[in-house]
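With mmCIF, C-alpha atoms inside, this is start.cif:
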data_target
loop_
_atom_site.group_PDB
_atom_site.id
_atom_site.type_symbol
_atom_site.label_atom_id
_atom_site.label_comp_id
_atom_site.auth_asym_id
_atom_site.auth_seq_id
_atom_site.Cartn_x
_atom_site.Cartn_y
_atom_site.Cartn_z
ATOM 1 C CA ASN A 1 -90.940 -132.646 83.167
ATOM 2 C CA GLY A 2 -92.742 -131.201 80.168
ATOM 3 C CA ARG A 3 -95.778 -132.778 78.599
ATOM 4 C CA LEU A 4 -96.461 -132.995 74.898
ATOM 5 C CA VAL A 5 -99.760 -133.805 73.194
ATOM 6 C CA PHE A 6 -100.223 -133.751 69.426
ATOM 7 C CA ALA A 7 -102.053 -135.351 66.549
ATOM 8 C CA CYS A 8 -100.287 -136.733 63.485
ATOM 9 C CA TRP A 9 -101.338 -138.775 60.488
ATOM 10 C CA ARG A 10 -100.990 -142.517 60.500
ATOM 11 C CA ARG A 11 -99.697 -144.188 57.322
ATOM 12 C CA MET A 12 -100.945 -142.944 53.976
ATOM 13 C CA SER A 13 -102.387 -146.394 53.278
ATOM 14 C CA GLU A 14 -104.784 -145.717 56.186
ATOM 15 C CA ASN A 15 -105.798 -142.315 54.801
ATOM 16 C CA PRO A 16 -107.949 -142.759 51.682
ATOM 17 C CA TRP A 17 -108.759 -139.022 51.677
ATOM 18 C CA MET A 18 -105.218 -138.482 50.372
ATOM 19 C CA LEU A 19 -104.438 -141.877 48.831
ATOM 20 C CA LYS A 20 -107.404 -142.206 46.441
ATOM 21 C CA PRO A 21 -106.724 -138.924 44.586
ATOM 22 C CA LEU A 22 -103.019 -139.760 44.409
ATOM 23 C CA LEU A 23 -103.657 -143.204 42.909
ATOM 24 C CA ALA A 24 -106.014 -141.623 40.381
ATOM 25 C CA THR A 25 -103.244 -139.148 39.496
ATOM 26 C CA TYR A 26 -100.769 -141.966 38.883
ATOM 27 C CA GLU A 27 -103.030 -143.190 36.062
ATOM 28 C CA HIS A 28 -101.693 -140.208 34.061
ATOM 29 C CA VAL A 29 -98.459 -139.090 35.705
ATOM 30 C CA PRO A 30 -95.393 -141.264 36.396
ATOM 31 C CA LYS A 31 -94.939 -142.269 40.010
ATOM 32 C CA PRO A 32 -91.901 -140.534 41.532
ATOM 33 C CA PRO A 33 -89.232 -142.571 43.305
ATOM 34 C CA PRO A 34 -90.161 -143.464 46.884
ATOM 35 C CA ALA A 35 -89.455 -140.667 49.343
ATOM 36 C CA ASP A 36 -87.034 -141.152 52.198
ATOM 37 C CA PRO A 37 -89.223 -142.153 55.176
ATOM 38 C CA ASN A 38 -87.163 -139.823 57.394
ATOM 39 C CA GLU A 39 -87.912 -136.823 55.171
ATOM 40 C CA PRO A 40 -90.261 -134.157 56.542
ATOM 41 C CA GLY A 41 -93.832 -134.463 55.343
ATOM 42 C CA PRO A 42 -97.402 -135.054 56.471
ATOM 43 C CA PHE A 43 -96.795 -138.740 57.189
ATOM 44 C CA ALA A 44 -93.303 -138.391 58.704
ATOM 45 C CA LEU A 45 -94.542 -139.335 62.192
ATOM 46 C CA ALA A 46 -96.846 -142.159 61.082
ATOM 47 C CA ASP A 47 -94.476 -144.907 62.219
ATOM 48 C CA LYS A 48 -94.827 -145.374 65.985
ATOM 49 C CA ASP A 49 -91.294 -146.758 66.373
ATOM 50 C CA ARG A 50 -89.693 -143.817 64.562
ATOM 51 C CA THR A 51 -91.771 -141.268 66.467
ATOM 52 C CA THR A 52 -91.002 -142.995 69.769
ATOM 53 C CA LYS A 53 -87.282 -142.883 68.976
ATOM 54 C CA ILE A 54 -87.454 -139.157 68.161
ATOM 55 C CA LEU A 55 -89.418 -138.290 71.296
ATOM 56 C CA THR A 56 -87.453 -140.461 73.711
ATOM 57 C CA GLY A 57 -84.265 -139.039 72.181
ATOM 58 C CA ALA A 58 -85.599 -135.587 73.087
ATOM 59 C CA GLY A 59 -86.175 -136.702 76.684
ATOM 60 C CA PHE A 60 -89.888 -137.531 76.630
ATOM 61 C CA ALA A 61 -91.104 -140.701 78.334
ATOM 62 C CA ASN A 62 -94.275 -142.713 78.906
ATOM 63 C CA LEU A 63 -95.541 -142.262 75.367
ATOM 64 C CA ARG A 64 -99.085 -143.263 74.471
ATOM 65 C CA PHE A 65 -100.342 -143.549 70.909
ATOM 66 C CA THR A 66 -104.109 -143.616 70.527
ATOM 67 C CA PRO A 67 -105.451 -144.361 67.043
ATOM 68 C CA VAL A 68 -108.310 -142.164 65.882
ATOM 69 C CA ASP A 69 -110.334 -142.994 62.786
ATOM 70 C CA LEU A 70 -112.422 -140.208 61.352
ATOM 71 C CA SER A 71 -114.251 -139.017 58.286
ATOM 72 C CA LEU A 72 -112.728 -136.028 56.490
ATOM 73 C CA GLU A 73 -114.823 -133.792 54.296
ATOM 74 C CA ILE A 74 -112.889 -132.762 51.211
ATOM 75 C CA GLY A 75 -113.738 -129.498 49.529
ATOM 76 C CA GLY A 76 -115.656 -127.954 52.413
ATOM 77 C CA ALA A 77 -119.159 -129.128 51.432
ATOM 78 C CA GLY A 78 -118.648 -127.582 47.998
ATOM 79 C CA GLY A 79 -119.548 -130.788 46.207
ATOM 80 C CA LEU A 80 -117.513 -132.954 43.897
ATOM 81 C CA ASP A 81 -115.930 -130.069 41.953
ATOM 82 C CA ALA A 82 -114.539 -128.513 45.141
ATOM 83 C CA ALA A 83 -113.288 -131.907 46.357
ATOM 84 C CA VAL A 84 -111.436 -132.482 43.079
ATOM 85 C CA ARG A 85 -109.883 -128.990 43.201
ATOM 86 C CA GLN A 86 -108.746 -129.440 46.798
ATOM 87 C CA SER A 87 -107.336 -132.894 46.102
ATOM 88 C CA MET A 88 -105.239 -131.493 43.270
ATOM 89 C CA THR A 89 -103.769 -128.688 45.376
ATOM 90 C CA ILE A 90 -102.535 -130.503 48.492
ATOM 91 C CA GLY A 91 -99.968 -133.107 49.415
ATOM 92 C CA ALA A 92 -98.298 -135.561 47.084
ATOM 93 C CA THR A 93 -100.913 -135.077 44.358
ATOM 94 C CA SER A 94 -100.077 -131.378 44.193
ATOM 95 C CA ARG A 95 -96.348 -132.118 43.998
ATOM 96 C CA VAL A 96 -96.591 -134.600 41.113
ATOM 97 C CA LEU A 97 -98.886 -132.240 39.181
ATOM 98 C CA GLN A 98 -96.620 -129.216 39.611
ATOM 99 C CA ASP A 99 -95.132 -129.096 36.102
ATOM 100 C CA GLN A 100 -97.828 -130.987 34.235
ATOM 101 C CA PRO A 101 -99.541 -129.421 31.215
ATOM 102 C CA ASP A 102 -103.211 -128.495 31.283
ATOM 103 C CA ALA A 103 -104.176 -131.532 29.179
ATOM 104 C CA VAL A 104 -102.700 -133.922 31.755
ATOM 105 C CA ARG A 105 -104.216 -131.980 34.635
ATOM 106 C CA ALA A 106 -107.647 -132.267 32.976
ATOM 107 C CA LYS A 107 -107.262 -136.051 32.664
ATOM 108 C CA VAL A 108 -106.159 -136.252 36.299
ATOM 109 C CA ALA A 109 -109.154 -134.177 37.383
ATOM 110 C CA ALA A 110 -111.502 -136.563 35.567
ATOM 111 C CA SER A 111 -109.870 -139.602 37.224
ATOM 112 C CA ILE A 112 -109.980 -138.009 40.681
ATOM 113 C CA ARG A 113 -113.642 -137.105 40.118
ATOM 114 C CA GLU A 114 -114.374 -140.746 39.289
ATOM 115 C CA ALA A 115 -112.444 -141.947 42.369
ATOM 116 C CA LEU A 116 -114.262 -139.548 44.717
ATOM 117 C CA ALA A 117 -117.770 -139.863 43.251
ATOM 118 C CA PRO A 118 -118.726 -142.894 45.399
ATOM 119 C CA TYR A 119 -118.122 -140.760 48.522
ATOM 120 C CA LEU A 120 -120.459 -137.936 47.479
ATOM 121 C CA LYS A 121 -123.520 -137.505 49.708
ATOM 122 C CA GLY A 122 -125.432 -134.324 48.945
ATOM 123 C CA GLN A 123 -122.725 -131.655 48.648
ATOM 124 C CA SER A 124 -120.316 -133.487 50.974
ATOM 125 C CA VAL A 125 -117.414 -135.670 49.874
ATOM 126 C CA ALA A 126 -116.135 -137.440 52.998
ATOM 127 C CA LEU A 127 -113.437 -140.100 53.061
ATOM 128 C CA PRO A 128 -111.805 -142.031 55.893
ATOM 129 C CA GLY A 129 -108.790 -140.601 57.665
ATOM 130 C CA ALA A 130 -106.529 -141.981 60.372
ATOM 131 C CA LEU A 131 -104.591 -140.121 63.076
ATOM 132 C CA TRP A 132 -102.475 -140.828 66.104
ATOM 133 C CA ILE A 133 -103.040 -138.794 69.250
ATOM 134 C CA VAL A 134 -99.642 -138.888 70.909
ATOM 135 C CA VAL A 135 -99.333 -138.081 74.614
ATOM 136 C CA THR A 136 -96.110 -138.020 76.633
#

Would you mind writing the file out in structure tokens?
Amino acid sequence: NGRLVFACWRRMSENPWMLKPLLATYEHVPKPPPADPNEPGPFALADKDRTTKILTGAGFANLRFTPVDLSLEIGGAGGLDAAVRQSMTIGATSRVLQDQPDAVRAKVAASIREALAPYLKGQSVALPGALWIVVT
């Protein structure tokens, strides 16, 4: 009779805050093979059917998925430089940059800066994000 409430990311394609820096990175770094969708990761619960199967398999019932669209500030109001640094140190972008030389990382930083520049307002770089609020 337990109740569970949590937030999880929807698909990466709905989360430009993470997708735009990653696409800019792929201009300089080869794209890795597609990850197994059942692998742990920030978007592992994005698919409603998969998440429903996991939760109902664990005994939860009456699931509700509420989509939430929001604006996410990248870099903590530290401007474009902070947004670029943060983008390079989280998620898939961080993983593909792990063993890259400084010269490649500099090119990636320039491409990410260009991709994020249209979202700069004052010292804030805010991009769209998309969550599920899941309630059982």

So how many Å separate atom CA of Ala92 of chain A and atom CA of Val108 of chain A, to one decimal?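 Separation between atom CA of Ala92 of chain A and atom CA of Val108 of chain A: 13.4 Å.
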
For Gly91 of chain A, work out the shell of residues within 10 Å, counting all atoms listed in the file and skipping chain neighbours fewer than 6 positions away, then give it as a list in words.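 What passes the distance filter is Met18, Leu19, Leu22, Gly41 and Pro42 of chain A.
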
Can I get the selected residues back with C-alpha atoms, as a short mmCIF file (atom, residue, chain, number, x, y, z; two decimals), keeping the file's coordinate frame?
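Saved as part_19.cif:
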data_model
loop_
_atom_site.label_atom_id
_atom_site.label_comp_id
_atom_site.auth_asym_id
_atom_site.auth_seq_id
_atom_site.Cartn_x
_atom_site.Cartn_y
_atom_site.Cartn_z
CA MET A 18 -105.22 -138.48 50.37
CA LEU A 19 -104.44 -141.88 48.83
CA LEU A 22 -103.02 -139.76 44.41
CA GLY A 41 -93.83 -134.46 55.34
CA PRO A 42 -97.40 -135.05 56.47
#

Residues in the PyMOL selection byres ((chain A and resi 115) around 10), expressed as a ChimeraX atom specification: /A:20-24,84,109-114,116-119

Ranking A:Pro16, A:Gly59, A:Gly2, A:Pro32 by minimum distance to Ser87 of chain A and counting all atoms listed in the file, which one comes first?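 Among A:Pro16, A:Gly59, A:Gly2, A:Pro32, it is A:Pro16 that comes nearest to Ser87 of chain A.
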
Rank A:Thr136, A:Leu70, A:Ala82, A:Val96 by their smallest atom-to-atom distance to Leu120 of chain A, using only C-alpha atoms, and report the top residue only. A:Ala82

So what do you get for atom CA of Ala46 of chain A versus atom CA of Glu27 of chain A, distance-wise?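 Taking atom CA of Ala46 of chain A and atom CA of Glu27 of chain A, their separation equals 25.8 Å.
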
Here atom CA of Ala77 of chain A and atom CA of Ala130 of chain A stand apart by 20.1 Å

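Among the candidate residues A:Leu97, A:Leu72, A:Arg105, A:Phe6, the one lying nearest to Thr51 of chain A is A:Phe6, with distances computed using all atoms listed in the file.
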
With only C-alpha atoms counted, which protein, DNA or RNA residues have an atom no more than 8 Å from (-106.3, -143.0, 60.4) in the file frame? Please answer as a ChimeraX atom specification. /A:9-11,14-15,67-70,128-132

Go through A:Pro33, A:Lys121, A:Ala7, A:Trp17 one by one, measure the shortest atom-to-atom distance of each to Gly79 of chain A using only C-alpha atoms, and give the residue with the smallest value. A:Lys121

Provide an axis-aligned box for all listed atoms of segment 50-68 of chain A, padding each side by 3 Å; report its centre and its edge lengths in Å to one decimal, as AutoDock Vina command-line options.
--center_x -96.3 --center_y -140.0 --center_z 71.7 --size_x 30.0 --size_y 14.8 --size_z 20.3
